[in-house]
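Source file: model01.csv; contents: CSV, C-alpha atoms and all ligand atoms.
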chain,number,residue,atom,x,y,z
C,1,MET,CA,-6.5,12.0,-9.3
C,2,GLN,CA,-5.9,10.3,-6.0
C,3,ALA,CA,-5.2,12.3,-2.9
C,4,SER,CA,-1.6,12.7,-1.8
C,5,LEU,CA,-0.3,9.8,0.3
C,6,PHE,CA,1.4,12.4,2.5
C,7,GLY,CA,-1.5,14.3,3.9
C,8,THR,CA,-0.8,18.0,3.5
C,9,LEU,CA,2.6,17.3,1.9
C,10,SER,CA,2.6,17.0,-1.9
C,11,PRO,CA,4.8,14.3,-3.4
C,12,ARG,CA,7.2,17.0,-4.5
C,13,GLU,CA,7.6,18.3,-0.9
C,14,PHE,CA,7.8,14.7,0.4
C,15,MET,CA,10.7,14.0,-2.0
C,16,ARG,CA,12.5,17.2,-1.2
C,17,ARG,CA,12.3,16.9,2.6
C,18,HIS,CA,12.2,13.2,3.3
C,19,TRP,CA,13.1,10.9,0.4
C,20,GLN,CA,16.5,9.4,1.2
C,21,LYS,CA,16.8,11.9,4.0
C,22,ARG,CA,14.6,11.4,7.0
C,23,PRO,CA,11.6,9.2,8.2
C,24,LEU,CA,8.0,10.4,7.9
C,25,PHE,CA,4.9,9.1,9.7
C,26,VAL,CA,1.6,9.9,8.1
C,27,ARG,CA,-1.6,9.2,10.0
C,28,ARG,CA,-4.4,7.8,7.7
C,29,ALA,CA,-2.4,8.1,4.5
C,30,VAL,CA,-4.8,5.6,2.9
C,31,PRO,CA,-8.0,6.1,4.8
C,32,GLY,CA,-10.0,2.9,5.3
C,33,PHE,CA,-7.2,0.7,4.0
C,34,ALA,CA,-8.4,-2.8,4.6
C,35,GLY,CA,-5.6,-4.7,2.9
C,36,VAL,CA,-5.7,-6.8,-0.2
C,37,ILE,CA,-5.0,-10.3,1.1
C,38,ASP,CA,-5.8,-12.3,4.2
C,39,LYS,CA,-3.6,-14.8,6.2
C,40,ARG,CA,-5.0,-17.9,4.5
C,41,ALA,CA,-4.3,-16.6,1.0
C,42,LEU,CA,-0.9,-15.3,2.2
C,43,ALA,CA,0.0,-18.8,3.6
C,44,ALA,CA,-1.1,-20.3,0.3
C,45,LEU,CA,1.3,-18.1,-1.6
C,46,ALA,CA,4.1,-19.1,0.8
C,47,LEU,CA,3.7,-22.8,-0.3
C,48,ARG,CA,4.6,-21.9,-3.9
C,49,ASP,CA,8.1,-22.2,-5.3
C,50,ASP,CA,7.8,-19.2,-7.5
C,51,VAL,CA,7.1,-16.9,-4.5
C,52,GLU,CA,9.6,-15.7,-1.9
C,53,SER,CA,8.6,-16.1,1.7
C,54,ARG,CA,9.8,-16.5,5.2
C,55,ILE,CA,8.5,-17.2,8.7
C,56,VAL,CA,10.1,-15.4,11.7
C,57,GLU,CA,9.4,-16.6,15.2
C,58,ARG,CA,10.4,-14.8,18.3
C,59,ARG,CA,11.7,-16.6,21.4
C,60,GLY,CA,12.5,-13.9,24.0
C,61,ARG,CA,15.1,-11.7,22.4
C,62,ARG,CA,15.9,-14.2,19.7
C,63,TRP,CA,14.3,-14.4,16.2
C,64,GLN,CA,14.4,-17.6,14.2
C,65,THR,CA,13.9,-17.4,10.5
C,66,ALA,CA,12.8,-20.2,8.1
C,67,HIS,CA,12.6,-19.6,4.4
C,68,GLY,CA,9.9,-20.8,2.0
C,69,PRO,CA,8.6,-22.4,0.0
C,70,PHE,CA,6.9,-24.3,2.9
C,71,GLU,CA,5.2,-27.6,2.7
C,72,LYS,CA,2.6,-26.7,5.2
C,73,ILE,CA,2.0,-23.7,7.4
C,74,ARG,CA,0.6,-23.7,10.8
C,75,ILE,CA,-0.3,-20.2,11.8
C,76,LYS,CA,0.7,-19.6,15.4
C,77,ARG,CA,-1.1,-17.5,17.9
C,78,THR,CA,1.7,-15.4,19.3
C,79,ASN,CA,5.2,-14.1,18.5
C,80,TRP,CA,5.0,-15.4,14.9
C,81,THR,CA,5.1,-13.7,11.5
C,82,LEU,CA,4.8,-14.7,7.9
C,83,LEU,CA,6.3,-12.5,5.2
C,84,VAL,CA,5.6,-12.8,1.5
C,85,SER,CA,7.6,-10.8,-1.1
C,86,GLY,CA,6.4,-9.9,-4.6
C,87,VAL,CA,2.7,-10.0,-3.7
C,88,ASN,CA,2.2,-7.3,-6.4
C,89,LEU,CA,3.2,-10.0,-9.0
C,90,GLN,CA,0.4,-12.3,-7.8
C,91,VAL,CA,-2.5,-10.0,-6.7
C,92,ARG,CA,-3.7,-7.3,-9.0
C,93,ALA,CA,-4.8,-5.0,-6.1
C,94,ALA,CA,-1.3,-5.2,-4.6
C,95,ASP,CA,0.1,-4.1,-8.0
C,96,GLU,CA,-2.4,-1.2,-8.0
C,97,LEU,CA,-1.1,-0.3,-4.5
C,98,LEU,CA,2.5,-0.3,-5.8
C,99,ARG,CA,1.5,2.0,-8.7
C,100,ARG,CA,0.3,4.6,-6.2
C,101,PHE,CA,3.9,5.2,-5.6
C,102,SER,CA,4.6,5.9,-9.3
C,103,PHE,CA,5.9,9.4,-8.5
C,104,VAL,CA,9.1,7.4,-8.1
C,105,PRO,CA,10.6,6.1,-11.3
C,106,GLN,CA,9.6,2.5,-12.1
C,107,ALA,CA,13.3,1.6,-12.3
C,108,ARG,CA,13.4,2.3,-8.5
C,109,LEU,CA,10.3,0.4,-7.6
C,110,ASP,CA,10.8,-3.1,-6.3
C,111,ASP,CA,7.9,-4.9,-4.8
C,112,VAL,CA,5.1,-5.1,-2.3
C,113,MET,CA,5.9,-7.4,0.6
C,114,VAL,CA,3.0,-8.3,2.9
C,115,SER,CA,3.5,-9.6,6.4
C,116,TYR,CA,0.9,-11.1,8.7
C,117,ALA,CA,1.9,-11.1,12.4
C,118,ALA,CA,0.3,-12.7,15.5
C,119,PRO,CA,0.5,-10.6,18.6
C,120,GLY,CA,4.1,-10.1,19.7
C,121,GLY,CA,5.3,-11.0,16.2
C,122,GLY,CA,7.9,-9.1,14.2
C,123,VAL,CA,11.3,-9.6,12.5
C,124,GLY,CA,13.2,-7.8,15.3
C,125,PRO,CA,15.3,-4.6,15.2
C,126,HIS,CA,17.1,-4.2,11.9
C,127,VAL,CA,18.1,-1.7,9.1
C,128,ASP,CA,17.3,-2.1,5.5
C,129,SER,CA,19.5,-1.1,2.6
C,130,TYR,CA,16.7,0.4,0.6
C,131,ASP,CA,13.9,3.0,1.0
C,132,VAL,CA,10.7,1.5,2.2
C,133,PHE,CA,7.1,2.6,2.9
C,134,LEU,CA,5.4,0.6,5.6
C,135,LEU,CA,1.7,0.8,5.1
C,136,GLN,CA,-0.3,-0.6,8.0
C,137,GLY,CA,-3.1,-3.0,7.0
C,138,PRO,CA,-5.7,-4.4,9.4
C,139,GLY,CA,-4.6,-4.5,13.1
C,140,ARG,CA,-2.2,-2.4,15.0
C,141,ARG,CA,1.6,-2.5,15.1
C,142,ARG,CA,4.0,-0.5,17.3
C,143,TRP,CA,7.1,0.8,15.4
C,144,ARG,CA,10.2,2.0,17.0
C,145,VAL,CA,12.2,4.1,14.6
C,146,LEU,CA,15.5,5.3,16.0
C,147,ASP,CA,14.3,6.7,19.4
C,148,LYS,CA,10.7,7.5,18.3
C,149,LYS,CA,7.6,5.3,18.8
C,150,TYR,CA,4.5,5.1,16.6
C,151,VAL,CA,1.5,3.0,16.9
C,152,CYS,CA,0.4,2.3,13.4
C,153,GLU,CA,-3.3,1.8,12.7
C,154,PRO,CA,-4.9,0.7,9.4
C,155,GLY,CA,-4.0,3.1,6.6
C,156,ASP,CA,-1.1,4.8,8.5
C,157,LEU,CA,2.1,5.1,6.6
C,158,LEU,CA,5.7,5.2,7.7
C,159,TYR,CA,8.5,6.1,5.3
C,160,LEU,CA,12.1,5.0,6.1
C,161,PRO,CA,15.2,6.0,4.2
C,162,PRO,CA,17.9,3.3,3.9
C,163,GLY,CA,19.9,2.6,7.0
C,164,VAL,CA,17.4,3.7,9.6
C,165,GLU,CA,17.0,1.2,12.4
C,166,HIS,CA,13.4,0.1,13.0
C,167,ASP,CA,11.5,-2.5,14.9
C,168,GLY,CA,7.9,-3.4,14.5
C,169,VAL,CA,5.9,-5.4,17.0
C,170,ALA,CA,2.3,-6.6,16.4
C,171,LEU,CA,0.1,-5.3,19.2
C,172,GLU,CA,-2.6,-7.6,17.9
C,173,GLU,CA,-3.0,-9.8,14.8
C,174,CYS,CA,-1.9,-7.4,12.0
C,175,TYR,CA,-0.8,-6.9,8.5
C,176,THR,CA,2.0,-4.6,7.2
C,177,TYR,CA,2.5,-3.8,3.5
C,178,SER,CA,6.1,-2.9,2.7
C,179,ILE,CA,6.4,-1.0,-0.5
C,180,GLY,CA,10.1,-1.5,-1.3
C,181,PHE,CA,12.5,0.1,-3.7
C,182,ARG,CA,15.7,-1.0,-5.4
C,183,ALA,CA,18.9,0.8,-6.3
C,184,PRO,CA,21.7,-0.9,-8.2
C,185,ARG,CA,25.0,-1.1,-6.5
C,186,GLY,CA,28.1,-0.2,-8.5
C,187,ALA,CA,29.8,-3.5,-8.2
C,188,GLU,CA,26.6,-5.4,-9.2
C,189,LEU,CA,26.1,-3.1,-12.2
C,190,ALA,CA,29.7,-3.5,-13.3
C,191,ALA,CA,29.7,-7.3,-13.1
C,192,ALA,CA,26.4,-7.4,-15.1
C,193,PHE,CA,27.8,-4.9,-17.6
C,194,LEU,CA,30.9,-7.0,-18.1
C,195,ASP,CA,28.6,-9.9,-18.9
C,196,TRP,CA,26.7,-7.7,-21.4
C,197,LEU,CA,29.9,-6.6,-23.1
C,198,HIS,CA,30.9,-10.3,-23.3
C,199,GLU,CA,27.7,-11.2,-24.9
C,200,ARG,CA,27.9,-8.3,-27.4
C,201,GLY,CA,31.3,-9.5,-28.5
C,202,LEU,CA,34.8,-8.8,-27.2
C,203,PRO,CA,37.8,-7.7,-29.3
C,204,ASP,CA,39.7,-10.7,-30.5
C,205,ALA,CA,43.2,-11.5,-31.9
C,206,ARG,CA,45.6,-14.4,-31.7
C,207,TYR,CA,48.8,-13.9,-29.8
C,208,ARG,CA,51.8,-14.7,-32.0
C,209,ASP,CA,55.5,-14.6,-31.3
C,210,PRO,CA,57.4,-15.5,-34.4
C,211,GLY,CA,60.5,-13.5,-33.1
C,212,LEU,CA,60.6,-15.5,-29.8
C,213,ALA,CA,64.2,-16.1,-28.6
C,214,PRO,CA,65.2,-18.9,-26.2
C,215,VAL,CA,64.6,-17.8,-22.6
C,216,LEU,CA,66.8,-18.2,-19.5
C,217,HIS,CA,63.9,-17.6,-17.1
C,218,PRO,CA,61.0,-19.8,-18.3
C,219,ALA,CA,58.7,-18.8,-15.5
C,220,ARG,CA,58.9,-15.1,-16.3
C,221,LEU,CA,55.8,-13.6,-18.0
C,222,PRO,CA,56.9,-12.3,-21.4
C,223,GLN,CA,56.7,-8.5,-21.7
C,224,GLU,CA,55.4,-8.9,-25.2
C,225,MET,CA,52.5,-10.9,-23.8
C,226,ILE,CA,51.6,-8.2,-21.3
C,227,ARG,CA,51.8,-5.6,-24.1
C,228,PHE,CA,49.5,-7.7,-26.3
C,229,ALA,CA,46.9,-8.1,-23.5
C,230,PHE,CA,47.0,-4.4,-22.7
C,231,ARG,CA,46.5,-3.5,-26.4
C,232,ILE,CA,43.6,-5.9,-26.8
C,233,LEU,CA,41.9,-4.9,-23.5
C,234,ARG,CA,42.2,-1.2,-24.3
C,235,ARG,CA,40.1,-1.9,-27.4
C,236,ILE,CA,37.0,-2.6,-25.2
C,237,ARG,CA,35.0,0.6,-25.7
C,238,PHE,CA,31.5,1.6,-24.9
C,239,SER,CA,29.3,4.7,-25.3
C,240,LYS,CA,26.7,6.2,-23.1
C,241,GLY,CA,24.1,4.7,-25.5
C,242,ASP,CA,25.6,1.2,-24.8
C,243,VAL,CA,25.3,1.8,-21.1
C,244,ALA,CA,21.6,2.9,-21.5
C,245,ASP,CA,21.0,-0.2,-23.6
C,246,PHE,CA,22.5,-2.4,-20.9
C,247,LEU,CA,20.8,-0.7,-18.0
C,248,GLY,CA,17.3,-0.9,-19.8
C,249,ARG,CA,17.7,-4.6,-20.3
C,250,TYR,CA,19.2,-5.2,-16.9
C,251,LEU,CA,16.6,-3.3,-14.9
C,252,SER,CA,13.6,-4.5,-16.9
C,253,ALA,CA,14.6,-8.1,-16.6
C,254,PRO,CA,12.1,-10.2,-14.6
C,255,LYS,CA,13.3,-11.8,-11.4
C,256,PRO,CA,14.4,-15.4,-11.9
C,257,GLN,CA,11.3,-17.0,-10.4
C,258,VAL,CA,8.9,-15.0,-12.6
C,259,VAL,CA,6.9,-16.9,-15.2
C,260,PHE,CA,4.5,-15.4,-17.8
C,261,ARG,CA,1.4,-17.3,-18.9
C,262,ARG,CA,0.0,-16.9,-22.4
C,263,SER,CA,-2.9,-14.6,-22.6
C,264,ALA,CA,-5.9,-14.7,-25.0
C,265,GLY,CA,-9.2,-13.0,-25.8
C,266,THR,CA,-10.0,-9.5,-26.6
C,267,GLY,CA,-11.5,-6.3,-25.0
C,268,ALA,CA,-11.7,-2.6,-25.1
C,269,TRP,CA,-8.7,-2.0,-22.8
C,270,VAL,CA,-5.1,-3.2,-22.7
C,271,GLU,CA,-3.3,-3.7,-19.4
C,272,LEU,CA,0.3,-4.7,-18.8
C,273,ASP,CA,0.6,-7.8,-16.7
C,274,PRO,CA,1.8,-6.9,-13.2
C,275,LYS,CA,5.0,-8.8,-13.8
C,276,THR,CA,5.8,-6.8,-17.0
C,277,GLN,CA,8.4,-4.1,-16.8
C,278,ILE,CA,8.7,-1.6,-19.6
C,279,LEU,CA,11.4,1.0,-19.3
C,280,TYR,CA,12.6,3.5,-21.9
C,281,ALA,CA,15.4,5.9,-22.5
C,282,GLY,CA,14.7,8.3,-25.4
C,283,ALA,CA,13.6,6.1,-28.3
C,284,ARG,CA,15.0,2.9,-26.8
C,285,PHE,CA,12.5,0.5,-25.2
C,286,PHE,CA,13.0,-2.5,-23.0
C,287,ILE,CA,10.4,-5.0,-22.1
C,288,ASN,CA,11.1,-7.7,-19.6
C,289,GLY,CA,14.8,-7.7,-20.3
C,290,GLU,CA,14.6,-7.4,-24.2
C,291,PRO,CA,15.1,-4.3,-26.3
C,292,VAL,CA,12.4,-3.3,-28.8
C,293,SER,CA,12.2,-0.7,-31.5
C,294,VAL,CA,8.9,0.7,-32.5
C,295,PRO,CA,7.6,3.1,-35.1
C,296,GLN,CA,5.3,4.8,-32.6
C,297,PRO,CA,7.5,5.6,-29.5
C,298,ARG,CA,5.0,8.2,-28.1
C,299,LEU,CA,2.3,5.6,-27.9
C,300,LEU,CA,4.5,3.0,-26.3
C,301,ARG,CA,5.8,5.6,-23.8
C,302,GLU,CA,2.3,6.3,-22.8
C,303,LEU,CA,1.5,2.6,-22.3
C,304,ALA,CA,4.7,2.2,-20.3
C,305,ASP,CA,4.0,5.1,-18.0
C,306,ARG,CA,0.3,4.4,-17.5
C,307,ARG,CA,0.5,0.6,-17.8
C,308,ALA,CA,-2.9,0.5,-19.5
C,309,LEU,CA,-4.4,2.1,-22.6
C,310,ASP,CA,-7.6,2.1,-24.7
C,311,ALA,CA,-7.1,-0.9,-27.1
C,312,ALA,CA,-8.3,1.1,-30.1
C,313,ARG,CA,-5.5,3.6,-29.6
C,314,LEU,CA,-3.0,0.8,-29.7
C,315,ALA,CA,-4.0,-0.1,-33.3
C,316,PRO,CA,-0.7,1.2,-34.8
C,317,LEU,CA,1.2,-1.3,-32.5
C,318,ALA,CA,-1.2,-4.2,-33.3
C,319,GLU,CA,1.5,-6.7,-34.2
C,320,LEU,CA,3.6,-6.0,-31.1
C,321,VAL,CA,0.5,-6.1,-28.9
C,322,ALA,CA,-0.5,-9.5,-30.3
C,323,GLU,CA,3.0,-10.8,-29.7
C,324,TRP,CA,3.1,-9.5,-26.2
C,325,GLN,CA,-0.4,-10.9,-25.5
C,326,ARG,CA,0.8,-14.4,-26.6
C,327,ALA,CA,3.9,-14.0,-24.4
C,328,GLY,CA,1.6,-13.1,-21.4
C,329,TYR,CA,3.1,-9.6,-21.1
C,330,LEU,CA,-0.2,-7.9,-21.4
C,331,HIS,CA,-3.9,-8.7,-21.3
C,332,TYR,CA,-7.1,-7.4,-22.9
C,333,THR,CA,-9.8,-6.5,-20.4
C,334,LYS,CA,-13.4,-5.4,-20.8
C,335,LYS,CA,-13.2,-2.1,-19.3
C,336,ARG,CA,-10.9,0.3,-17.6
C,337,ARG,CA,-10.2,-0.2,-13.9
C,338,ASP,CA,-10.5,2.8,-11.7
C,339,GLY,CA,-7.4,4.6,-10.8
W,401,LIG,C1,7.4,-6.5,8.8
W,401,LIG,O1,6.4,-6.3,8.0
W,401,LIG,O2,7.2,-7.1,9.8
W,401,LIG,C2,8.8,-6.1,8.5
W,401,LIG,C3,8.9,-5.0,7.5
W,401,LIG,C4,10.2,-4.3,7.7
W,401,LIG,O3,10.6,-4.0,8.8
W,401,LIG,O4,10.9,-3.9,6.7
W,402,CO,CO,12.6,-3.3,7.6

Written form, structure tokens:
Amino acid sequence: MQASLFGTLSPREFMRRHWQKRPLFVRRAVPGFAGVIDKRALAALALRDDVESRIVERRGRRWQTAHGPFEKIRIKRTNWTLLVSGVNLQVRAADELLRRFSFVPQARLDDVMVSYAAPGGGVGPHVDSYDVFLLQGPGRRRWRVLDKKYVCEPGDLLYLPPGVEHDGVALEECYTYSIGFRAPRGAELAAAFLDWLHERGLPDARYRDPGLAPVLHPARLPQEMIRFAFRILRRIRFSKGDVADFLGRYLSAPKPQVVFRRSAGTGAWVELDPKTQILYAGARFFINGEPVSVPQPRLLRELADRRALDAARLAPLAELVAEWQRAGYLHYTKKRRDG
């Protein structure tokens, strides 16, 4: 069991007092945190078209943003920052960092963004729409959060609920790890749900009007047609189970740029690929946007929650495991990683 990230606060107390409510600063939340990636490797990720990245340069009180993928990156010495999103999908240790926040449901976890900043660098004052943990990597950064100031050193952690203005300026070359969350918006869910309903099949009937009489006002919408549309649309029904099915697929679906690569080999331990998302609701399972039914829900729940399991224990799910290995959704490894 790892120590609480919140010093003397337990995750339960943190959630009750701070989550979605108020900022928290924790000195040495991850003692000795040395980061998981350096600027060269970060710059190499920002050249790839399956990775989201941006460069922000400050000129006085103005910030200029350029979006990746970049053809070439020249790391500047001042007032410059490179930010790479989804580093957890590319670097195993960043995924492990994300999983340290597993006291929050996976459906709420988004990604680990890593920024490298030269002295004076930062993205400028802003608010974010989602909760974020800012974990300081190597180097120091000064944060202004509302009217408070914090100088973050390696391993210090700053939690910000949505909508709290903040501004981080690198005091020297430094790295910041943003553990970000997601929360679906109503309109976004509704639009995606309507697509799902469409895919599932909509009520159908042909409009007929054998009793139609000649009209005096040809531009007028026929009452009968309005009644027909109302009758048909009223037949669109859905249950809570349908909504759970939709939500599981929707939230477990990989981001558009994600690609899985076929995996092979064998080992004593099975680990989900960092890009794999398994969610469940009761006996319904969803892996990377697809529903699955299994004869052994308890076992699959354990794999989904822990993201790794002793290969021998997965024997009852052998066929599924083989299929998911071919799809690159999981991998065999020799031995269990710590953690
Ligand atoms: C940064 O790492 O510079 C920006 C992170 C943030 O403010 O959300
Ligand atoms: Co921010």

Using all atoms listed in the file, find each protein or nucleic acid residue lying at most 8 Å from ligand LIG 401 (chain W); present the set as a PDB file with C-alpha atoms, keeping the file's coordinate frame.
ATOM      1  CA  THR C  81       5.100 -13.700  11.500  1.00  0.00           C
ATOM      2  CA  LEU C  83       6.300 -12.500   5.200  1.00  0.00           C
ATOM      3  CA  MET C 113       5.900  -7.400   0.600  1.00  0.00           C
ATOM      4  CA  VAL C 114       3.000  -8.300   2.900  1.00  0.00           C
ATOM      5  CA  SER C 115       3.500  -9.600   6.400  1.00  0.00           C
ATOM      6  CA  TYR C 116       0.900 -11.100   8.700  1.00  0.00           C
ATOM      7  CA  ALA C 117       1.900 -11.100  12.400  1.00  0.00           C
ATOM      8  CA  GLY C 121       5.300 -11.000  16.200  1.00  0.00           C
ATOM      9  CA  GLY C 122       7.900  -9.100  14.200  1.00  0.00           C
ATOM     10  CA  VAL C 123      11.300  -9.600  12.500  1.00  0.00           C
ATOM     11  CA  GLY C 124      13.200  -7.800  15.300  1.00  0.00           C
ATOM     12  CA  PRO C 125      15.300  -4.600  15.200  1.00  0.00           C
ATOM     13  CA  HIS C 126      17.100  -4.200  11.900  1.00  0.00           C
ATOM     14  CA  VAL C 127      18.100  -1.700   9.100  1.00  0.00           C
ATOM     15  CA  ASP C 128      17.300  -2.100   5.500  1.00  0.00           C
ATOM     16  CA  VAL C 132      10.700   1.500   2.200  1.00  0.00           C
ATOM     17  CA  LEU C 134       5.400   0.600   5.600  1.00  0.00           C
ATOM     18  CA  HIS C 166      13.400   0.100  13.000  1.00  0.00           C
ATOM     19  CA  ASP C 167      11.500  -2.500  14.900  1.00  0.00           C
ATOM     20  CA  GLY C 168       7.900  -3.400  14.500  1.00  0.00           C
ATOM     21  CA  VAL C 169       5.900  -5.400  17.000  1.00  0.00           C
ATOM     22  CA  TYR C 175      -0.800  -6.900   8.500  1.00  0.00           C
ATOM     23  CA  THR C 176       2.000  -4.600   7.200  1.00  0.00           C
ATOM     24  CA  TYR C 177       2.500  -3.800   3.500  1.00  0.00           C
ATOM     25  CA  SER C 178       6.100  -2.900   2.700  1.00  0.00           C
TER      26      SER C 178
END

(request) Tell me, as a PyMOL selection string, which residues lie within 9 Å of Asp305 of chain C, counting all atoms listed in the file; anything in the same chain fewer than 4 positions away does not count. (result) chain C and resi 102+106+278-279+300-301

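As for atom CA of Pro203 of chain C and atom CA of Glu290 of chain C, they are spaced 23.8 Å apart.
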
(request) Have a look at atom CA of Leu89 of chain C and atom CA of Pro274 of chain C and let me know their distance in Å, one decimal. (result)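 Interatomic distance, atom CA of Leu89 of chain C to atom CA of Pro274 of chain C: 5.4 Å.
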
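The gap separating atom CA of Gln90 of chain C from atom CA of Asp38 of chain C is 13.5 Å, in Å to one decimal.
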
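Among the candidate residues C:Leu309, C:Leu272, C:Phe25, C:Val112, the one lying nearest to Val145 of chain C is C:Phe25, with distances computed using only C-alpha atoms.
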
(request) For Arg235 of chain C, list every protein, DNA or RNA residue within 12 Å, evaluated using all atoms listed in the file, and leave out those in the same chain fewer than 6 positions away; present the list as a ChimeraX atom specification. (result) /C:201-205,228-229

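Considering the residues C:Tyr130, C:Gly120, C:Pro297, C:Val26 and counting all atoms listed in the file, Arg185 of chain C has its shortest atom-to-atom contact with C:Tyr130.
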
(message) Given only C-alpha atoms and all ligand atoms as the basis, pick out the residue of C:Ser293, C:Gln223, C:Ser129, C:Thr266 nearest to ligand CO 402 (chain W).
(response)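 Of the candidates, the smallest distance to ligand CO 402 (chain W) is held by C:Ser129.
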
(request) Mind listing whatever residues come within 12 Å of the point (-0.3, -1.0, -32.9)? Use all atoms listed in the file, file coordinates, and give them as an NGL selection string. (result) :C and (270 or 294-300 or 303 or 309-324)

Can you write out as JSON lines which residues of segment 176-197 of chain C fall within 9 Å of segment 249-254 of chain C, alongside each residue's closest atom pair and its distance in Å to one decimal, counting all atoms listed in the file and ordering rows by chain and ascending residue number?
{"residue": "C:Pro184", "atom": "CA", "partner": "C:Leu251", "partner_atom": "CA", "distance": 8.8}
{"residue": "C:Leu189", "atom": "CA", "partner": "C:Tyr250", "partner_atom": "CA", "distance": 8.6}
{"residue": "C:Ala192", "atom": "CA", "partner": "C:Tyr250", "partner_atom": "CA", "distance": 7.7}
{"residue": "C:Phe193", "atom": "CA", "partner": "C:Tyr250", "partner_atom": "CA", "distance": 8.6}

Include C-alpha atoms and write out the residues we just selected as a compact mmCIF listing (two decimals), in the frame of the given file.
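Saved the output as result_2.txt:
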# COMPACT_ATOMS: atom_id res chain seq x y z
CA PRO C 184 21.70 -0.90 -8.20
CA LEU C 189 26.10 -3.10 -12.20
CA ALA C 192 26.40 -7.40 -15.10
CA PHE C 193 27.80 -4.90 -17.60

Where atoms are lacking, segment 170-186 of chain C completed to N, CA and C atoms, as an mmCIF file, in the coordinates of the input:
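The file below, part.cif, is the result:
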data_model
loop_
_atom_site.group_PDB
_atom_site.id
_atom_site.type_symbol
_atom_site.label_atom_id
_atom_site.label_comp_id
_atom_site.auth_asym_id
_atom_site.auth_seq_id
_atom_site.Cartn_x
_atom_site.Cartn_y
_atom_site.Cartn_z
ATOM 1 N N ALA C 170 3.807 -6.501 16.540
ATOM 2 C CA ALA C 170 2.300 -6.600 16.400
ATOM 3 C C ALA C 170 1.704 -6.431 17.773
ATOM 4 N N LEU C 171 0.794 -5.463 17.918
ATOM 5 C CA LEU C 171 0.100 -5.300 19.200
ATOM 6 C C LEU C 171 -1.101 -6.260 19.244
ATOM 7 N N GLU C 172 -1.539 -6.644 18.071
ATOM 8 C CA GLU C 172 -2.600 -7.600 17.900
ATOM 9 C C GLU C 172 -2.365 -8.274 16.564
ATOM 10 N N GLU C 173 -3.194 -9.186 16.128
ATOM 11 C CA GLU C 173 -3.000 -9.800 14.800
ATOM 12 C C GLU C 173 -2.968 -8.596 13.820
ATOM 13 N N CYS C 174 -1.961 -8.537 12.971
ATOM 14 C CA CYS C 174 -1.900 -7.400 12.000
ATOM 15 C C CYS C 174 -1.164 -7.705 10.769
ATOM 16 N N TYR C 175 -1.398 -6.833 9.804
ATOM 17 C CA TYR C 175 -0.800 -6.900 8.500
ATOM 18 C C TYR C 175 0.006 -5.665 8.197
ATOM 19 N N THR C 176 1.187 -5.824 7.625
ATOM 20 C CA THR C 176 2.000 -4.600 7.200
ATOM 21 C C THR C 176 2.358 -4.824 5.741
ATOM 22 N N TYR C 177 2.159 -3.766 4.970
ATOM 23 C CA TYR C 177 2.500 -3.800 3.500
ATOM 24 C C TYR C 177 3.783 -2.951 3.378
ATOM 25 N N SER C 178 4.858 -3.602 2.918
ATOM 26 C CA SER C 178 6.100 -2.900 2.700
ATOM 27 C C SER C 178 6.260 -2.609 1.204
ATOM 28 N N ILE C 179 6.202 -1.342 0.843
ATOM 29 C CA ILE C 179 6.400 -1.000 -0.500
ATOM 30 C C ILE C 179 7.916 -0.675 -0.653
ATOM 31 N N GLY C 180 8.621 -1.566 -1.325
ATOM 32 C CA GLY C 180 10.100 -1.500 -1.300
ATOM 33 C C GLY C 180 10.662 -1.002 -2.604
ATOM 34 N N PHE C 181 11.862 -0.485 -2.495
ATOM 35 C CA PHE C 181 12.500 0.100 -3.700
ATOM 36 C C PHE C 181 13.825 -0.646 -3.925
ATOM 37 N N ARG C 182 14.400 -0.377 -5.075
ATOM 38 C CA ARG C 182 15.700 -1.000 -5.400
ATOM 39 C C ARG C 182 16.607 0.116 -5.915
ATOM 40 N N ALA C 183 17.881 -0.095 -5.755
ATOM 41 C CA ALA C 183 18.900 0.800 -6.300
ATOM 42 C C ALA C 183 20.091 -0.011 -6.579
ATOM 43 N N PRO C 184 20.541 0.007 -7.830
ATOM 44 C CA PRO C 184 21.700 -0.900 -8.200
ATOM 45 C C PRO C 184 22.945 -0.443 -7.477
ATOM 46 N N ARG C 185 23.713 -1.406 -7.042
ATOM 47 C CA ARG C 185 25.000 -1.100 -6.500
ATOM 48 C C ARG C 185 26.047 -1.090 -7.612
ATOM 49 N N GLY C 186 27.081 -0.295 -7.434
ATOM 50 C CA GLY C 186 28.100 -0.200 -8.500
ATOM 51 C C GLY C 186 28.709 -1.480 -8.897
#
